[in-house]
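Chemist: So I've got this file, final-v2.txt, and it contains compact mmCIF, C-alpha atoms:
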```
# COMPACT_ATOMS: atom_id res chain seq x y z
CA MET D 1 32.64 23.29 -11.51
CA LYS D 2 31.79 25.09 -8.27
CA LYS D 3 28.26 24.80 -6.92
CA GLN D 4 26.48 25.87 -3.74
CA ILE D 5 24.09 23.16 -2.52
CA THR D 6 21.49 23.85 0.16
CA LEU D 7 20.89 20.81 2.37
CA LEU D 8 17.56 20.49 4.18
CA PRO D 9 17.78 17.22 6.16
CA GLY D 10 14.40 17.68 7.83
CA ASP D 11 12.85 15.11 10.15
CA GLY D 12 12.93 11.39 10.95
CA ILE D 13 15.47 9.57 8.79
CA GLY D 14 16.15 12.74 6.82
CA PRO D 15 19.46 13.63 8.53
CA GLU D 16 20.79 10.06 8.15
CA ILE D 17 20.09 9.72 4.44
CA MET D 18 21.23 13.28 3.78
CA GLU D 19 24.63 12.42 5.26
CA SER D 20 24.81 9.49 2.85
CA ALA D 21 24.07 11.67 -0.17
CA LYS D 22 26.60 14.24 0.99
CA GLU D 23 29.33 11.61 1.33
CA VAL D 24 28.66 10.27 -2.17
CA LEU D 25 28.65 13.78 -3.64
CA GLN D 26 31.99 14.48 -1.99
CA VAL D 27 33.46 11.43 -3.73
CA ILE D 28 32.02 12.61 -7.05
CA ALA D 29 33.56 16.05 -6.47
CA GLU D 30 36.96 14.49 -5.84
CA GLU D 31 36.77 12.09 -8.80
CA PHE D 32 35.64 14.72 -11.29
CA ASN D 33 37.42 17.81 -9.97
CA HIS D 34 34.35 19.73 -8.79
CA ASP D 35 33.79 21.90 -5.74
CA PHE D 36 30.48 21.28 -4.01
CA ILE D 37 29.88 23.63 -1.08
CA PHE D 38 27.15 22.50 1.33
CA HIS D 39 24.97 24.76 3.49
CA GLU D 40 22.64 23.00 5.95
CA HIS D 41 19.38 24.58 7.18
CA ALA D 42 16.23 23.59 9.06
CA ILE D 43 12.84 22.73 7.58
CA GLY D 44 9.75 20.88 8.79
CA GLY D 45 9.36 19.66 12.35
CA ASN D 46 12.92 20.38 13.41
CA ALA D 47 12.43 23.98 12.25
CA VAL D 48 9.21 24.19 14.26
CA ASP D 49 11.10 23.02 17.35
CA ALA D 50 13.97 25.46 16.83
CA TYR D 51 12.24 28.49 15.30
CA GLY D 52 8.49 28.02 15.84
CA GLU D 53 7.75 27.72 12.11
CA PRO D 54 8.30 25.01 9.49
CA LEU D 55 10.15 27.25 7.02
CA PRO D 56 12.28 29.98 8.62
CA GLU D 57 13.23 32.98 6.48
CA GLU D 58 16.88 32.02 6.82
CA THR D 59 16.17 28.66 5.18
CA LEU D 60 14.16 30.21 2.37
CA LYS D 61 16.89 32.77 1.68
CA ALA D 62 19.58 30.08 1.56
CA ALA D 63 17.47 27.98 -0.80
CA GLU D 64 16.97 30.92 -3.14
CA GLU D 65 20.66 31.81 -3.17
CA GLY D 66 21.96 28.29 -3.75
CA ASP D 67 22.40 26.49 -7.07
CA ALA D 68 20.22 23.54 -6.02
CA ILE D 69 18.44 22.13 -2.98
CA LEU D 70 18.49 18.64 -1.48
CA LEU D 71 15.68 17.73 0.92
CA GLY D 72 15.57 14.68 3.20
CA ALA D 73 12.02 14.33 4.56
CA VAL D 74 9.55 16.23 6.72
CA GLY D 75 6.83 15.31 9.20
CA GLY D 76 6.08 12.86 11.97
CA PRO D 77 3.58 12.14 14.76
CA LYS D 78 5.37 14.53 17.10
CA TRP D 79 3.81 17.50 15.28
CA GLU D 80 0.40 16.04 14.34
CA ASN D 81 -1.48 18.10 16.94
CA HIS D 82 0.19 21.39 16.09
CA PRO D 83 -1.94 24.10 14.44
CA VAL D 84 -1.95 23.99 10.65
CA TYR D 85 0.61 26.77 10.24
CA GLN D 86 3.07 24.79 12.38
CA ARG D 87 2.66 21.46 10.60
CA PRO D 88 5.95 20.31 9.02
CA GLU D 89 4.30 19.74 5.64
CA GLN D 90 3.47 23.45 5.44
CA GLY D 91 7.18 24.12 5.15
CA LEU D 92 7.35 21.95 2.04
CA LEU D 93 4.30 23.59 0.46
CA LYS D 94 5.64 27.05 1.25
CA ILE D 95 9.13 26.49 -0.17
CA ARG D 96 7.65 25.18 -3.41
CA LYS D 97 5.32 28.15 -3.71
CA SER D 98 7.82 30.79 -2.57
CA LEU D 99 10.54 29.61 -4.95
CA GLY D 100 8.14 29.09 -7.83
CA LEU D 101 8.97 25.37 -8.14
CA PHE D 102 5.97 24.73 -10.34
CA ALA D 103 6.92 21.40 -11.91
CA ASN D 104 7.35 18.13 -10.06
CA LEU D 105 9.19 15.41 -12.00
CA ARG D 106 8.76 11.85 -10.81
CA PRO D 107 10.62 9.14 -12.77
CA ILE D 108 9.23 5.62 -12.40
CA LYS D 109 11.66 3.02 -13.71
CA LEU D 110 12.20 -0.59 -12.74
CA ILE D 111 15.53 -1.58 -11.23
CA PRO D 112 16.30 -5.11 -12.49
CA ALA D 113 17.51 -6.38 -9.10
CA LEU D 114 14.19 -5.39 -7.51
CA ILE D 115 11.71 -6.43 -10.17
CA HIS D 116 10.60 -9.42 -8.08
CA ALA D 117 9.45 -7.02 -5.34
CA SER D 118 6.82 -5.36 -7.52
CA PRO D 119 3.24 -6.31 -6.56
CA LEU D 120 2.50 -6.64 -10.27
CA LYS D 121 3.53 -9.51 -12.52
CA GLU D 122 6.98 -9.20 -14.05
CA GLU D 123 5.65 -9.32 -17.61
CA ILE D 124 3.43 -6.32 -16.86
CA VAL D 125 6.05 -4.07 -15.26
CA ALA D 126 9.34 -5.15 -16.86
CA ALA D 127 9.36 -2.47 -19.58
CA SER D 128 7.99 0.35 -17.41
CA ASP D 129 9.81 3.67 -17.84
CA ILE D 130 7.62 6.66 -17.02
CA VAL D 131 8.08 10.28 -16.05
CA ILE D 132 5.11 11.94 -14.32
CA ILE D 133 5.10 15.74 -14.50
CA ARG D 134 2.80 17.28 -11.93
CA GLU D 135 1.83 20.93 -11.57
CA LEU D 136 2.92 21.84 -8.06
CA THR D 137 1.99 25.38 -7.03
CA GLY D 138 -1.65 25.80 -8.06
CA GLY D 139 -4.95 23.98 -8.03
CA LEU D 140 -6.89 22.62 -5.09
CA TYR D 141 -3.99 22.70 -2.60
CA PHE D 142 -3.53 26.46 -2.89
CA GLY D 143 -6.93 27.83 -3.96
CA LYS D 144 -8.82 30.29 -1.78
CA PRO D 145 -11.20 30.14 -0.03
CA SER D 146 -10.41 26.91 1.76
CA GLU D 147 -12.40 26.89 4.98
CA ARG D 148 -15.09 25.48 7.25
CA ARG D 149 -18.44 27.30 7.22
CA ASN D 150 -21.85 27.17 8.86
CA ASN D 151 -20.44 26.43 12.31
CA GLY D 152 -18.28 23.68 10.88
CA ASN D 153 -21.17 21.92 9.13
CA SER D 154 -20.07 22.78 5.60
CA VAL D 155 -16.71 23.12 3.94
CA VAL D 156 -15.25 24.61 0.78
CA ASP D 157 -11.98 24.04 -1.07
CA THR D 158 -11.21 25.93 -4.28
CA LEU D 159 -9.60 24.56 -7.42
CA SER D 160 -8.14 27.62 -9.10
CA TYR D 161 -5.68 28.03 -11.97
CA GLU D 162 -4.48 30.92 -14.08
CA ARG D 163 -3.92 30.17 -17.75
CA TYR D 164 -0.16 30.76 -17.54
CA GLU D 165 0.12 28.15 -14.75
CA MET D 166 -1.35 25.52 -17.03
CA GLU D 167 0.65 26.66 -20.04
CA ARG D 168 4.05 26.39 -18.38
CA ILE D 169 3.53 22.90 -16.93
CA ILE D 170 2.09 21.63 -20.21
CA GLU D 171 5.11 23.09 -22.01
CA LYS D 172 7.32 21.19 -19.56
CA GLY D 173 5.42 18.04 -20.44
CA PHE D 174 6.01 18.47 -24.16
CA GLU D 175 9.69 19.32 -23.66
CA THR D 176 10.19 16.22 -21.55
CA ALA D 177 8.36 14.03 -24.05
CA MET D 178 10.63 15.38 -26.81
CA SER D 179 13.69 14.25 -24.85
CA ARG D 180 12.24 10.75 -24.36
CA ARG D 181 9.99 8.66 -26.63
CA LYS D 182 7.83 11.52 -27.91
CA HIS D 183 4.58 10.30 -26.39
CA LEU D 184 2.66 12.59 -24.02
CA THR D 185 -0.34 11.50 -21.97
CA SER D 186 -2.36 14.42 -20.65
CA VAL D 187 -4.51 13.44 -17.67
CA ASP D 188 -7.62 15.42 -16.76
CA LYS D 189 -11.32 15.11 -15.83
CA ALA D 190 -12.70 17.09 -18.75
CA ASN D 191 -16.05 15.29 -18.66
CA VAL D 192 -16.80 16.93 -15.29
CA LEU D 193 -14.47 19.83 -14.44
CA GLU D 194 -14.26 23.20 -16.18
CA SER D 195 -10.61 23.48 -15.16
CA SER D 196 -9.92 20.24 -17.02
CA ARG D 197 -11.71 21.49 -20.13
CA MET D 198 -9.44 24.55 -20.14
CA TRP D 199 -6.44 22.26 -19.54
CA ARG D 200 -7.35 20.10 -22.53
CA GLU D 201 -7.78 23.16 -24.76
CA ILE D 202 -4.29 24.36 -23.87
CA VAL D 203 -2.78 20.93 -24.52
CA GLU D 204 -4.29 20.98 -28.00
CA GLU D 205 -2.94 24.50 -28.63
CA LYS D 206 0.58 23.57 -27.49
CA ALA D 207 0.56 20.32 -29.47
CA LYS D 208 0.76 22.37 -32.69
CA ASN D 209 4.27 23.43 -31.66
CA TYR D 210 5.37 19.82 -31.14
CA PRO D 211 4.24 17.89 -34.24
CA GLU D 212 6.66 15.04 -33.42
CA VAL D 213 4.90 14.29 -30.13
CA THR D 214 1.94 11.94 -30.05
CA VAL D 215 -0.65 13.33 -27.63
CA GLU D 216 -3.15 11.20 -25.75
CA HIS D 217 -5.92 12.57 -23.53
CA VAL D 218 -6.92 10.22 -20.69
CA LEU D 219 -9.43 10.79 -17.89
CA VAL D 220 -7.84 10.45 -14.46
CA ASP D 221 -9.84 7.40 -13.41
CA ALA D 222 -8.92 5.58 -16.62
CA ALA D 223 -5.27 6.60 -16.15
CA ALA D 224 -5.28 5.15 -12.64
CA MET D 225 -6.50 1.80 -13.97
CA LYS D 226 -4.10 1.77 -16.90
CA LEU D 227 -1.11 2.44 -14.65
CA ILE D 228 -1.76 -0.91 -13.00
CA THR D 229 -2.87 -2.93 -16.01
CA ASN D 230 -0.44 -1.59 -18.63
CA PRO D 231 2.18 0.77 -17.15
CA ALA D 232 4.59 0.18 -20.05
CA SER D 233 2.15 1.98 -22.37
CA PHE D 234 3.04 5.32 -20.75
CA ASP D 235 6.06 7.48 -21.52
CA THR D 236 5.52 11.03 -20.25
CA ILE D 237 2.44 11.98 -18.20
CA VAL D 238 1.48 15.59 -17.47
CA THR D 239 -1.34 16.59 -15.15
CA GLU D 240 -2.51 19.08 -12.54
CA ASN D 241 -1.65 19.11 -8.85
CA LEU D 242 -4.20 16.82 -7.19
CA PHE D 243 -4.29 14.22 -9.95
CA GLY D 244 -0.49 14.22 -10.13
CA ASP D 245 -0.17 13.71 -6.40
CA ILE D 246 -2.36 10.63 -6.47
CA LEU D 247 -1.11 9.08 -9.72
CA SER D 248 2.59 9.54 -8.93
CA ASP D 249 2.18 7.74 -5.60
CA GLU D 250 0.20 4.97 -7.28
CA ALA D 251 2.85 4.57 -9.98
CA SER D 252 5.66 4.47 -7.44
CA VAL D 253 4.34 1.17 -6.07
CA ILE D 254 5.03 -0.44 -9.46
CA THR D 255 8.74 -0.50 -8.65
CA GLY D 256 8.26 -2.49 -5.46
CA SER D 257 10.02 0.01 -3.20
CA LEU D 258 9.27 3.59 -2.22
CA GLY D 259 12.78 3.81 -0.81
CA MET D 260 14.38 3.83 -4.26
CA LEU D 261 12.67 6.67 -6.11
CA PRO D 262 13.92 10.24 -6.51
CA SER D 263 11.94 13.32 -7.47
CA ALA D 264 12.57 16.92 -8.49
CA SER D 265 10.62 20.15 -8.15
CA VAL D 266 11.93 22.74 -10.61
CA ARG D 267 11.33 26.14 -12.15
CA GLU D 268 12.23 27.79 -15.48
CA ASP D 269 15.74 28.99 -14.58
CA GLY D 270 16.95 25.52 -13.57
CA LEU D 271 16.76 25.87 -9.78
CA GLY D 272 15.50 22.59 -8.40
CA LEU D 273 14.62 20.93 -5.12
CA TYR D 274 15.47 17.22 -5.13
CA GLU D 275 14.10 14.68 -2.65
CA PRO D 276 13.29 10.98 -2.33
CA ILE D 277 9.58 10.25 -2.42
CA HIS D 278 9.46 8.22 0.79
CA GLY D 279 8.41 9.78 4.07
CA SER D 280 10.35 10.56 7.24
CA ALA D 281 9.85 7.04 8.68
CA PRO D 282 10.01 8.19 12.32
CA ASP D 283 9.67 4.59 13.55
CA ILE D 284 13.18 3.75 12.32
CA ALA D 285 14.82 7.15 12.74
CA GLY D 286 18.17 6.97 14.51
CA LYS D 287 18.47 3.19 14.18
CA GLY D 288 20.89 3.32 11.27
CA ILE D 289 18.77 1.04 9.07
CA ALA D 290 17.17 3.54 6.67
CA ASN D 291 17.58 3.07 2.92
CA PRO D 292 19.80 5.91 1.59
CA LEU D 293 19.49 4.99 -2.09
CA GLY D 294 16.48 7.18 -2.89
CA MET D 295 18.36 10.15 -1.45
CA ILE D 296 21.53 9.25 -3.38
CA LEU D 297 19.53 8.92 -6.59
CA SER D 298 17.91 12.29 -5.89
CA ALA D 299 21.42 13.77 -5.70
CA SER D 300 22.27 12.20 -9.07
CA PHE D 301 19.02 13.69 -10.45
CA MET D 302 20.32 17.08 -9.24
CA LEU D 303 23.68 16.61 -10.97
CA ARG D 304 22.01 15.85 -14.28
CA ASP D 305 19.10 18.29 -14.34
CA SER D 306 20.41 21.34 -12.49
CA PHE D 307 24.15 21.10 -13.20
CA GLY D 308 24.21 19.29 -16.54
CA LEU D 309 26.66 16.68 -15.21
CA GLU D 310 25.49 13.65 -17.17
CA VAL D 311 28.64 11.56 -16.74
CA GLU D 312 28.71 12.05 -12.97
CA ALA D 313 24.99 11.31 -12.62
CA ASN D 314 25.41 8.12 -14.63
CA ALA D 315 28.32 7.07 -12.42
CA MET D 316 26.23 7.48 -9.26
CA GLU D 317 23.30 5.57 -10.70
CA GLN D 318 25.53 2.76 -11.92
CA ALA D 319 27.12 2.50 -8.48
CA VAL D 320 23.65 2.12 -6.92
CA ASN D 321 22.69 -0.55 -9.46
CA GLU D 322 25.93 -2.44 -8.85
CA ALA D 323 25.37 -2.43 -5.09
CA LEU D 324 21.94 -3.99 -5.58
CA GLU D 325 23.15 -6.47 -8.18
CA GLN D 326 25.76 -7.64 -5.68
CA GLY D 327 22.92 -8.38 -3.26
CA TYR D 328 23.43 -5.59 -0.72
CA HIS D 329 20.19 -4.25 0.68
CA THR D 330 18.68 -2.42 3.63
CA ALA D 331 15.81 -3.87 5.65
CA ASP D 332 13.07 -2.32 3.49
CA LEU D 333 14.24 -4.17 0.37
CA ASP D 334 13.63 -7.81 -0.40
CA LEU D 335 16.68 -9.21 -2.16
CA LYS D 336 16.74 -12.99 -2.18
CA ASP D 337 19.98 -14.44 -0.83
CA GLY D 338 21.32 -10.92 -0.36
CA THR D 339 23.37 -9.25 2.35
CA LEU D 340 21.47 -7.11 4.83
CA VAL D 341 23.37 -3.89 5.61
CA SER D 342 22.93 -0.69 7.58
CA THR D 343 22.52 2.82 6.17
CA LYS D 344 26.22 3.51 6.56
CA GLU D 345 27.26 0.16 5.10
CA MET D 346 25.05 0.63 2.05
CA THR D 347 26.53 4.08 1.54
CA ASP D 348 30.03 2.65 1.80
CA VAL D 349 29.20 -0.02 -0.80
CA VAL D 350 28.05 2.66 -3.24
CA ILE D 351 31.14 4.74 -2.56
CA GLY D 352 33.32 1.66 -2.98
CA SER D 353 31.75 1.00 -6.37
CA LEU D 354 32.36 4.62 -7.40
CA SER D 355 35.99 4.53 -6.27
CA ALA D 356 36.61 1.20 -8.01
CA ARG D 357 35.30 2.42 -11.36
CA SER D 358 38.07 3.29 -13.78
CA ILE D 359 37.50 6.69 -15.33
CA SER D 360 38.52 6.57 -18.97
CA ASP D 361 41.13 8.96 -20.35
CA ASP D 362 38.63 10.83 -22.49
CA ILE D 363 36.34 11.46 -19.50
CA CYS D 364 39.28 12.58 -17.39
CA TYR D 365 40.32 14.93 -20.15
CA MET D 366 36.96 16.67 -20.01
CA TYR D 367 37.62 17.79 -16.44
CA VAL D 368 41.33 18.67 -16.54
```
Mind converting the file's structure to structure tokens?

Modeler:
Amino acid sequence: MKKQITLLPGDGIGPEIMESAKEVLQVIAEEFNHDFIFHEHAIGGNAVDAYGEPLPEETLKAAEEGDAILLGAVGGPKWENHPVYQRPEQGLLKIRKSLGLFANLRPIKLIPALIHASPLKEEIVAASDIVIIRELTGGLYFGKPSERRNNGNSVVDTLSYERYEMERIIEKGFETAMSRRKHLTSVDKANVLESSRMWREIVEEKAKNYPEVTVEHVLVDAAAMKLITNPASFDTIVTENLFGDILSDEASVITGSLGMLPSASVREDGLGLYEPIHGSAPDIAGKGIANPLGMILSASFMLRDSFGLEVEANAMEQAVNEALEQGYHTADLDLKDGTLVSTKEMTDVVIGSLSARSISDDICYMYV
């Protein structure tokens, strides 16, 4: 298989962890007889410094023409006082909107070696396995008008959705639930918001096409509480942009480490942008101590969802799990009696695990 992959390292630790993911993908390509061609471009603060804008046209064009996109991280205090249009985060919002990446997928699953690091009791989180599907290109973050008025003494933001925007993300929720445990939790605020009442109506309409899926409607405040008190009760969650932003970050804490979680932003034709959920961590940038595992797992997410390479994705994820089970960890992780390693060393451990794995004859045959 030959694939063009657009790399957007971004800011802070982004370039370091991107190099790790690239190295692991190169090993996968060699082991499984693929050809991954990488094209690196600027986004975020480094694009502002080089081009005066957080998403240059050259970057957007390369992202559109590639088969998938890997993103490191954007942002940092260096650009906090820039005007809004030059803020690094605007590059991320713009690429999602411009490419029509309407669905954000955030898997939340406990890694056994890290279960002790969760702030919740082990018996509460042990069986947690959730996917949160968040609408990504509409709602409050993109509605117009969004402005100060009355000499700055009043303000307005607009929550706006077209019906088709709700329909397609809700469809994605049902499709994902069908591939998992067939339980869909739809999160809204239908007791207050008209947009949520329309959302709930559409969920009920779509449910008729998926009779195997159990549908549960939960108000966002109740969902936030239940994520902490009984996370294992959730399977697939679908919700609009603002609620999804908040709930997915809340749920990520369940795992005990932001540095371990991948995410994907996708559209109907399979093009996806894959990134770890952690930030750019400018305080440790360049020190060689960043955790590359979230970025590596984002690359495995890409292999599975955009390229259909299930065996390769599983191999990468198993290599990450084995590294942790052996006690190797970066400074952000708390592994008792483990071995503290650098970004490069952790990457090498993962690669070593991949290289040591014997590929069975039947798997080899698939790629001859």

Chemist: Which residue is closest to Glu312 of chain D? Choose from D:Ser263, D:Ser196, D:Gln26, D:Gln4 and count all atoms listed in the file.

Modeler: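 Of all the options, D:Gln26 lies closest to Glu312 of chain D.
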
Chemist: If you take only C-alpha atoms and a cut-off of 12 Å, which residues of segment 26-136 of chain D touch segment 184-194 of chain D, and what are their nearest atom pairs and distances in Å to one decimal, in chain and number order, as a tab-separated table?

Modeler:
```
residue	atom	partner	partner_atom	distance
D:Ile130	CA	D:Leu184	CA	10.4
D:Val131	CA	D:Leu184	CA	9.9
D:Ile132	CA	D:Thr185	CA	9.4
D:Ile133	CA	D:Ser186	CA	9.8
D:Arg134	CA	D:Val187	CA	10.1
D:Glu135	CA	D:Val187	CA	11.6
```

Chemist: Just the selected residues (C-alpha atoms), exported as a PDB file, keeping the file's coordinate frame, please.

Modeler:
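See part.pdb below for the written result:
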```pdb
ATOM      1  CA  ILE D 130       7.620   6.660 -17.020  1.00  0.00           C
ATOM      2  CA  VAL D 131       8.080  10.280 -16.050  1.00  0.00           C
ATOM      3  CA  ILE D 132       5.110  11.940 -14.320  1.00  0.00           C
ATOM      4  CA  ILE D 133       5.100  15.740 -14.500  1.00  0.00           C
ATOM      5  CA  ARG D 134       2.800  17.280 -11.930  1.00  0.00           C
ATOM      6  CA  GLU D 135       1.830  20.930 -11.570  1.00  0.00           C
TER       7      GLU D 135
END
```

Chemist: Which is closest to Arg267 of chain D among D:Leu101, D:Ala47, D:Leu70, D:Ala315, if we use all atoms listed in the file?

Modeler: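 Closest to Arg267 of chain D, using all atoms listed in the file: D:Leu101.
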
Chemist: Just how far from atom CA of Ile28 of chain D is atom CA of Ser298 of chain D, in Å to one decimal?

Modeler: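 Going from atom CA of Ser298 of chain D over to atom CA of Ile28 of chain D, I get 14.2 Å.
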
Chemist: Could you name the residues that touch Ala319 of chain D at 8 Å or less, counting only C-alpha atoms, but leaving out those on the same chain fewer than 2 positions away, as a ChimeraX atom specification?

Modeler: /D:315-317,321-323,350-351,353-354

Chemist: With the input short on atoms, add all heavy atoms back to segment 260-269 of chain D and write it as a tab-separated table (two decimals), in the frame of the given file.

Modeler:
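Written out: rebuild30.tsv:
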```
chain	number	residue	atom	x	y	z
D	260	MET	N	13.42	3.75	-3.16
D	260	MET	CA	14.38	3.83	-4.26
D	260	MET	C	14.14	4.99	-5.21
D	260	MET	O	14.95	5.22	-6.12
D	260	MET	CB	14.34	2.53	-5.06
D	260	MET	CG	14.85	1.32	-4.32
D	260	MET	SD	16.58	1.48	-3.86
D	260	MET	CE	17.31	1.73	-5.46
D	261	LEU	N	13.06	5.74	-5.06
D	261	LEU	CA	12.67	6.67	-6.11
D	261	LEU	C	12.99	8.12	-5.77
D	261	LEU	O	12.63	8.62	-4.70
D	261	LEU	CB	11.18	6.54	-6.38
D	261	LEU	CG	10.74	5.16	-6.88
D	261	LEU	CD1	9.24	5.14	-7.10
D	261	LEU	CD2	11.46	4.79	-8.16
D	262	PRO	N	13.64	8.82	-6.70
D	262	PRO	CA	13.92	10.24	-6.51
D	262	PRO	C	12.80	11.10	-7.10
D	262	PRO	O	11.92	10.60	-7.81
D	262	PRO	CB	15.20	10.43	-7.33
D	262	PRO	CG	15.01	9.49	-8.49
D	262	PRO	CD	14.27	8.29	-7.91
D	263	SER	N	12.84	12.39	-6.81
D	263	SER	CA	11.94	13.32	-7.47
D	263	SER	C	12.59	14.69	-7.51
D	263	SER	O	13.57	14.95	-6.81
D	263	SER	CB	10.59	13.41	-6.73
D	263	SER	OG	10.74	14.12	-5.51
D	264	ALA	N	12.05	15.56	-8.37
D	264	ALA	CA	12.57	16.92	-8.49
D	264	ALA	C	11.41	17.88	-8.60
D	264	ALA	O	10.39	17.58	-9.23
D	264	ALA	CB	13.47	17.04	-9.71
D	265	SER	N	11.57	19.05	-7.99
D	265	SER	CA	10.62	20.15	-8.15
D	265	SER	C	11.42	21.33	-8.69
D	265	SER	O	12.35	21.79	-8.04
D	265	SER	CB	9.97	20.51	-6.82
D	265	SER	OG	9.31	19.37	-6.27
D	266	VAL	N	11.06	21.80	-9.90
D	266	VAL	CA	11.93	22.74	-10.61
D	266	VAL	C	11.15	23.95	-11.11
D	266	VAL	O	9.92	23.96	-11.14
D	266	VAL	CB	12.63	22.05	-11.80
D	266	VAL	CG1	13.45	20.85	-11.32
D	266	VAL	CG2	11.61	21.57	-12.84
D	267	ARG	N	11.92	24.97	-11.52
D	267	ARG	CA	11.33	26.14	-12.15
D	267	ARG	C	12.09	26.45	-13.45
D	267	ARG	O	13.03	25.74	-13.81
D	267	ARG	CB	11.34	27.33	-11.21
D	267	ARG	CG	12.71	27.87	-10.85
D	267	ARG	CD	12.62	28.92	-9.77
D	267	ARG	NE	13.90	29.63	-9.61
D	267	ARG	CZ	14.19	30.45	-8.61
D	267	ARG	NH1	13.30	30.65	-7.64
D	267	ARG	NH2	15.35	31.08	-8.54
D	268	GLU	N	11.71	27.53	-14.14
D	268	GLU	CA	12.23	27.79	-15.48
D	268	GLU	C	13.73	28.00	-15.53
D	268	GLU	O	14.39	27.60	-16.49
D	268	GLU	CB	11.54	29.02	-16.09
D	268	GLU	CG	10.07	28.82	-16.45
D	268	GLU	CD	9.14	29.33	-15.37
D	268	GLU	OE1	9.54	29.30	-14.18
D	268	GLU	OE2	8.02	29.75	-15.71
D	269	ASP	N	14.32	28.64	-14.51
D	269	ASP	CA	15.74	28.99	-14.58
D	269	ASP	C	16.67	27.84	-14.17
D	269	ASP	O	17.89	28.02	-14.12
D	269	ASP	CB	16.04	30.22	-13.72
D	269	ASP	CG	15.83	29.99	-12.23
D	269	ASP	OD1	15.45	28.86	-11.84
D	269	ASP	OD2	16.06	30.93	-11.45
```
